[in-house]
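Note: the block below is target_37.txt and it holds compact mmCIF, C-alpha atoms and all ligand atoms.
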# COMPACT_ATOMS: atom_id res chain seq x y z
CA MET S 7 0.00 0.00 0.00
CA THR S 8 1.48 3.31 -1.13
CA ILE S 9 1.20 6.53 0.79
CA THR S 10 0.83 9.54 -1.49
CA ILE S 11 1.16 13.14 -0.39
CA THR S 12 0.64 16.30 -2.40
CA ALA S 13 3.10 19.18 -2.69
CA PHE S 14 3.52 22.35 -4.70
CA GLU S 15 4.56 21.74 -8.28
CA ARG S 16 6.85 24.72 -7.64
CA SER S 17 7.09 26.00 -4.07
CA PRO S 18 7.14 29.80 -3.75
CA ASP S 19 10.15 29.47 -1.41
CA GLY S 20 12.25 27.85 -4.14
CA GLY S 21 13.11 24.86 -1.94
CA GLN S 22 13.85 26.36 1.48
CA GLY S 23 11.61 23.68 2.95
CA LEU S 24 9.04 26.13 4.30
CA ALA S 25 6.01 24.75 2.48
CA ARG S 26 4.09 22.43 4.75
CA ASP S 27 4.71 19.23 2.84
CA THR S 28 8.19 19.28 4.43
CA ARG S 29 6.82 18.50 7.90
CA VAL S 30 4.81 15.58 6.51
CA ARG S 31 7.83 14.29 4.61
CA TRP S 32 9.86 14.63 7.81
CA ALA S 33 7.33 12.58 9.82
CA LEU S 34 7.28 9.89 7.11
CA GLU S 35 11.09 9.80 7.11
CA GLU S 36 11.20 9.54 10.92
CA ALA S 37 8.75 6.63 10.63
CA GLY S 38 10.85 4.99 7.89
CA GLN S 39 7.79 5.04 5.67
CA PRO S 40 8.29 5.30 1.88
CA TYR S 41 5.89 7.62 0.10
CA ALA S 42 4.99 8.98 -3.30
CA VAL S 43 4.37 12.64 -4.13
CA ARG S 44 1.75 14.09 -6.44
CA LEU S 45 2.79 17.59 -7.48
CA VAL S 46 -0.02 20.09 -7.98
CA SER S 47 -0.05 23.53 -9.53
CA LEU S 48 -1.76 26.46 -7.81
CA ALA S 49 -4.54 26.22 -10.41
CA ALA S 50 -5.01 22.47 -9.95
CA MET S 51 -5.35 22.96 -6.17
CA LYS S 52 -8.61 24.79 -6.77
CA GLU S 53 -10.05 22.18 -9.14
CA PRO S 54 -12.62 19.56 -8.08
CA ALA S 55 -10.20 16.63 -8.04
CA HIS S 56 -7.98 18.33 -5.46
CA LEU S 57 -10.86 19.98 -3.58
CA ALA S 58 -12.22 16.47 -2.99
CA ARG S 59 -8.97 15.78 -1.12
CA HIS S 60 -8.61 19.16 0.52
CA PRO S 61 -11.72 21.31 1.04
CA PHE S 62 -9.62 24.48 1.27
CA GLY S 63 -7.66 23.79 -1.92
CA GLN S 64 -4.25 23.57 -0.27
CA ILE S 65 -1.28 21.26 0.09
CA PRO S 66 -0.29 18.94 1.63
CA THR S 67 -2.75 16.07 1.58
CA TYR S 68 -2.17 12.44 2.54
CA GLU S 69 -3.67 9.37 0.91
CA GLU S 70 -3.37 5.81 2.11
CA ASP S 71 -5.58 2.91 1.15
CA GLY S 72 -8.79 4.91 0.66
CA LEU S 73 -8.05 7.26 3.57
CA VAL S 74 -7.62 10.92 2.60
CA LEU S 75 -6.38 13.48 5.11
CA PHE S 76 -5.55 17.17 5.12
CA GLU S 77 -4.12 19.48 7.85
CA THR S 78 -0.52 18.80 8.73
CA GLY S 79 -1.21 18.39 12.45
CA ALA S 80 -3.71 15.63 11.75
CA ILE S 81 -1.47 14.02 9.13
CA VAL S 82 1.61 13.94 11.38
CA PHE S 83 -0.52 12.59 14.24
CA HIS S 84 -1.84 9.84 11.96
CA ILE S 85 1.68 8.92 10.83
CA ALA S 86 2.75 8.72 14.49
CA GLU S 87 -0.25 6.57 15.46
CA ARG S 88 0.28 4.32 12.50
CA GLN S 89 3.86 3.82 13.65
CA ILE S 90 2.58 2.78 17.09
CA ALA S 91 0.07 0.39 15.49
CA GLN S 92 3.01 -1.26 13.75
CA SER S 93 4.77 -1.55 17.14
CA HIS S 94 7.38 1.05 16.24
CA ALA S 95 7.44 3.69 18.94
CA GLY S 96 9.16 6.84 17.83
CA LEU S 97 7.15 9.94 17.10
CA LEU S 98 4.90 9.48 20.14
CA PRO S 99 6.03 8.01 23.46
CA ASP S 100 4.64 4.70 24.74
CA GLU S 101 3.71 5.97 28.18
CA VAL S 102 0.15 7.34 28.18
CA ASN S 103 0.79 10.64 29.96
CA ALA S 104 3.98 11.34 28.01
CA ARG S 105 2.05 10.66 24.80
CA ALA S 106 -0.70 13.09 25.84
CA ARG S 107 1.94 15.76 26.55
CA ALA S 108 3.59 15.22 23.16
CA ILE S 109 0.19 15.65 21.48
CA THR S 110 -0.32 18.81 23.53
CA TRP S 111 2.90 20.22 22.06
CA MET S 112 1.65 19.37 18.56
CA PHE S 113 -1.46 21.45 19.22
CA ALA S 114 0.58 24.22 20.84
CA ALA S 115 2.71 24.42 17.71
CA VAL S 116 -0.20 24.86 15.31
CA ASN S 117 -2.67 26.67 17.60
CA THR S 118 -0.52 28.95 19.73
CA VAL S 119 2.88 29.46 18.12
CA GLU S 120 2.13 29.27 14.40
CA PRO S 121 -0.68 31.90 14.18
CA PRO S 122 1.44 34.95 15.08
CA ILE S 123 4.19 33.66 12.77
CA LEU S 124 1.69 33.44 9.90
CA ASP S 125 0.56 36.94 10.77
CA LEU S 126 4.09 38.16 10.10
CA ALA S 127 4.05 36.60 6.63
CA ASN S 128 0.71 38.29 5.96
CA ALA S 129 1.92 41.62 7.33
CA ARG S 130 4.92 41.50 5.01
CA PHE S 131 3.55 40.03 1.82
CA ALA S 132 -0.22 40.59 1.77
CA GLU S 133 -0.34 43.92 3.62
CA GLY S 134 3.12 45.36 2.97
CA ASP S 135 1.75 48.02 0.61
CA LYS S 136 -0.92 49.30 3.02
CA PRO S 137 -0.37 52.74 4.51
CA TRP S 138 -0.61 51.31 8.05
CA SER S 139 1.73 48.37 7.53
CA GLY S 140 4.80 50.19 8.91
CA GLU S 141 2.99 50.76 12.20
CA ARG S 142 1.56 47.24 12.37
CA LEU S 143 4.75 45.28 11.69
CA PRO S 144 6.44 46.01 15.06
CA LEU S 145 3.26 44.93 16.88
CA VAL S 146 3.14 41.68 14.96
CA LYS S 147 6.82 41.02 15.75
CA ASP S 148 6.28 41.76 19.43
CA ARG S 149 3.45 39.22 19.58
CA ILE S 150 5.84 36.62 18.17
CA ARG S 151 8.53 37.63 20.68
CA ALA S 152 6.03 37.16 23.52
CA ARG S 153 5.42 33.55 22.44
CA LEU S 154 9.11 32.84 21.79
CA LYS S 155 10.05 34.17 25.22
CA GLN S 156 7.57 31.78 26.86
CA LEU S 157 8.65 28.85 24.74
CA SER S 158 12.31 29.63 25.37
CA ALA S 159 11.68 29.72 29.13
CA ARG S 160 9.94 26.33 29.00
CA LEU S 161 12.61 24.67 26.84
CA GLY S 162 15.46 25.99 29.00
CA ASP S 163 18.59 24.00 28.30
CA ALA S 164 16.75 20.79 27.35
CA ASP S 165 17.23 19.25 23.92
CA TRP S 166 13.52 18.69 23.30
CA LEU S 167 10.27 19.97 24.78
CA ASP S 168 9.40 16.93 26.88
CA GLY S 169 12.02 14.21 27.15
CA ALA S 170 12.86 12.42 23.91
CA PHE S 171 12.23 13.91 20.46
CA SER S 172 8.56 13.55 19.54
CA ALA S 173 5.95 14.62 17.01
CA GLY S 174 5.49 17.67 19.26
CA ASP S 175 9.07 18.73 18.52
CA LEU S 176 8.68 17.91 14.83
CA MET S 177 5.70 20.27 14.60
CA MET S 178 7.26 22.99 16.77
CA VAL S 179 10.57 23.01 14.89
CA SER S 180 8.67 23.08 11.58
CA VAL S 181 6.67 26.09 12.72
CA LEU S 182 9.72 27.96 14.06
CA LEU S 183 11.74 27.39 10.89
CA ARG S 184 9.53 29.91 9.13
CA LEU S 185 11.03 32.63 11.37
CA ARG S 186 14.65 32.15 10.45
CA ALA S 187 14.80 34.85 7.77
CA SER S 188 13.24 37.41 10.14
CA GLY S 189 16.14 37.12 12.63
CA LEU S 190 13.62 36.78 15.49
CA LEU S 191 14.69 33.24 16.26
CA ASP S 192 18.27 34.37 16.90
CA GLU S 193 17.04 36.57 19.74
CA TYR S 194 16.44 33.30 21.64
CA PRO S 195 19.64 31.25 21.33
CA ASN S 196 18.17 28.13 22.96
CA LEU S 197 15.32 28.14 20.40
CA ALA S 198 17.75 28.70 17.53
CA ALA S 199 19.78 25.72 18.81
CA TYR S 200 16.56 23.67 19.20
CA VAL S 201 15.63 24.31 15.58
CA ALA S 202 19.18 23.47 14.47
CA ARG S 203 18.92 20.15 16.37
CA GLY S 204 15.74 19.36 14.48
CA GLU S 205 17.34 20.20 11.15
CA ALA S 206 20.34 18.02 12.01
CA ARG S 207 18.19 14.90 12.28
CA PRO S 208 18.85 12.55 9.34
CA ALA S 209 15.11 12.24 8.70
CA TYR S 210 14.75 16.01 8.40
CA LYS S 211 17.72 16.15 6.03
CA ARG S 212 16.15 13.52 3.78
CA ALA S 213 12.82 15.36 3.79
CA PHE S 214 14.52 18.66 3.01
CA ALA S 215 16.56 17.15 0.18
CA ALA S 216 13.48 15.54 -1.36
CA GLN S 217 11.56 18.81 -1.56
CA LEU S 218 14.67 20.67 -2.73
CA ALA S 219 15.12 18.22 -5.59
CA ILE S 220 11.71 19.30 -6.87
CA ASN S 221 11.96 23.00 -6.22
CA ALA S 222 15.59 23.64 -7.07
CA PRO S 223 16.55 20.65 -9.20
CA ASP S 224 19.96 22.12 -10.04
CA ALA S 225 20.94 22.52 -6.39
CA PRO S 226 23.89 20.37 -5.21
CA GLU S 227 22.96 17.48 -2.91
CA SER S 228 23.49 18.31 0.78
N1 LIG V 301 -3.40 24.52 8.20
C1 LIG V 301 -2.98 23.90 6.97
C2 LIG V 301 -2.01 22.76 7.26
O1 LIG V 301 -1.26 22.83 8.26
O2 LIG V 301 -1.99 21.76 6.52
C3 LIG V 301 -2.37 24.98 6.09
C4 LIG V 301 -2.00 24.46 4.72
C5 LIG V 301 -1.38 25.57 3.87
O3 LIG V 301 -1.30 26.74 4.28
N2 LIG V 301 -0.93 25.21 2.66
C6 LIG V 301 -0.33 26.18 1.77
C7 LIG V 301 -1.12 26.24 0.47
O4 LIG V 301 -1.56 25.24 -0.03
C8 LIG V 301 1.09 25.76 1.42
S1 LIG V 301 2.14 25.72 2.82
N3 LIG V 301 -1.26 27.45 -0.07
C9 LIG V 301 -1.94 27.65 -1.33
C10 LIG V 301 -3.30 28.23 -1.15
O5 LIG V 301 -3.77 28.38 -0.01
O6 LIG V 301 -3.90 28.53 -2.21
C11 LIG V 301 2.23 27.50 3.22
C12 LIG V 301 3.48 28.13 2.70
C13 LIG V 301 3.54 28.60 1.40
C14 LIG V 301 4.70 29.23 0.95
C15 LIG V 301 5.77 29.39 1.81
N4 LIG V 301 6.95 30.05 1.36
O7 LIG V 301 7.07 30.36 0.18
O8 LIG V 301 7.85 30.33 2.17
C16 LIG V 301 5.71 28.90 3.11
C17 LIG V 301 4.55 28.26 3.55
Would you mind writing the file's structure down as structure tokens?
Amino acid sequence: MTITITAFERSPDGGQGLARDTRVRWALEEAGQPYAVRLVSLAAMKEPAHLARHPFGQIPTYEEDGLVLFETGAIVFHIAERQIAQSHAGLLPDEVNARARAITWMFAAVNTVEPPILDLANARFAEGDKPWSGERLPLVKDRIRARLKQLSARLGDADWLDGAFSAGDLMMVSVLLRLRASGLLDEYPNLAAYVARGEARPAYKRAFAAQLAINAPDAPES
């Protein structure tokens, strides 16, 4: 049975790994699960065939044996649960309470940390030409700093958010990566080091290389 995900035919980031298929690829690589990729253009994402997979006309999606999923949090959770069902612990801990905490961090990544980060992208790219954007940008950045300060305090000098690396870290690192170009991450050295630890994982490197091969096919292999 083949797992198929969807990804941008051409990612707007040119292969920096910021499109959300990278986090799904990463989870599949951590799970040692081979997968196929269906590339979709921006136009095709809004056509009925893709809308049947993803009601909001976005990537990524996940297909496996008649099951179709969208939303990266749900997809990564499914990959982690599937790994447990196959008796391979890894992305979620075995112990019930530790597993619940790892899932909590997954939600925190997409519900609490990612929204202000997305707001920065909107403030820059969708609202950058508005007369009020110069005043708004510092407020948006300060809301991100408030979250990073709290996350930084919780992480402290630990390697991962709660014991061993988990799907919670995979989601949180994926969300934080989007901040690198802004310089905000570097204001919190333990978070910058946390993200670097995530990127250093062999599974992340494979996921990154796979999306880069599509988006910047001439790039040298890392
Ligand atoms: N909540 C959903 C999830 O987590 O799965 C969000 C999915 C989503 O935003 N998908 C984006 C998409 O399909 C691609 S990843 N957009 C097309 C559309 O909505 O029409 C977002 C993204 C795009 C580009 C960059 N970049 O260039 O840096 C980074 C992230």
Produce a table with one row for each residue of chain S that has an atom at most 6 Å from any atom of ligand LIG 301 (chain V), each row naming the nearest atom pair and its distance in Å at one decimal; use all atoms listed in the file; arrange rows by chain and rising residue number; format as JSON lines.
{"residue": "S:Pro18", "atom": "CA", "partner": "V:LIG301", "partner_atom": "O7", "distance": 4.0}
{"residue": "S:Asp19", "atom": "CA", "partner": "V:LIG301", "partner_atom": "O7", "distance": 3.6}
{"residue": "S:Leu24", "atom": "CA", "partner": "V:LIG301", "partner_atom": "C16", "distance": 4.5}
{"residue": "S:Ala25", "atom": "CA", "partner": "V:LIG301", "partner_atom": "C17", "distance": 3.9}
{"residue": "S:Arg26", "atom": "CA", "partner": "V:LIG301", "partner_atom": "S1", "distance": 4.3}
{"residue": "S:Gln64", "atom": "CA", "partner": "V:LIG301", "partner_atom": "O4", "distance": 3.2}
{"residue": "S:Ile65", "atom": "CA", "partner": "V:LIG301", "partner_atom": "O4", "distance": 4.0}
{"residue": "S:Pro66", "atom": "CA", "partner": "V:LIG301", "partner_atom": "O2", "distance": 5.9}
{"residue": "S:Phe76", "atom": "CA", "partner": "V:LIG301", "partner_atom": "O2", "distance": 6.0}
{"residue": "S:Glu77", "atom": "CA", "partner": "V:LIG301", "partner_atom": "O2", "distance": 3.4}
{"residue": "S:Thr78", "atom": "CA", "partner": "V:LIG301", "partner_atom": "O2", "distance": 4.0}
Item to complete: Within 6 Å of Ala173 in chain S, counting all atoms listed in the file, which residues show up once you throw out same-chain ones fewer than 2 positions away? Write them as a PyMOL selection string, please.
Response: chain S and resi 97+175-176
Item to complete: Determine, counting only C-alpha atoms, which protein, DNA and RNA residues have an atom within 12 Å of an atom of Val74 in chain S; residues of the same chain fewer than 2 positions away are not included. Present the result as a PyMOL selection string.
Response: chain S and resi 9-12+56-61+66-72+76-77+80-81+84
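For the pair CA of Ser172 in chain S and CA of Ala86 in chain S, the interatomic distance is 9.1 Å.
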Practice prompt. Check the smallest atom-to-atom distance from each of S:Arg149, S:Arg160, S:Lys155, S:Lys52 to Asp125 in chain S using all atoms listed in the file, then report the winner.
Written response: S:Arg149
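When CA of Phe14 in chain S is paired with CA of Leu143 in chain S, their separation reads 28.2 Å.
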Fill in: For Leu34 in chain S: contacts at 9 Å, only C-alpha atoms, fewer than 5 positions along chain excluded, given as a list in words
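Result of the neighbour search: Arg29, Gln39, Pro40, Tyr41, Val82, Ile85, Ala86, Ala209 and Ala213 of chain S.
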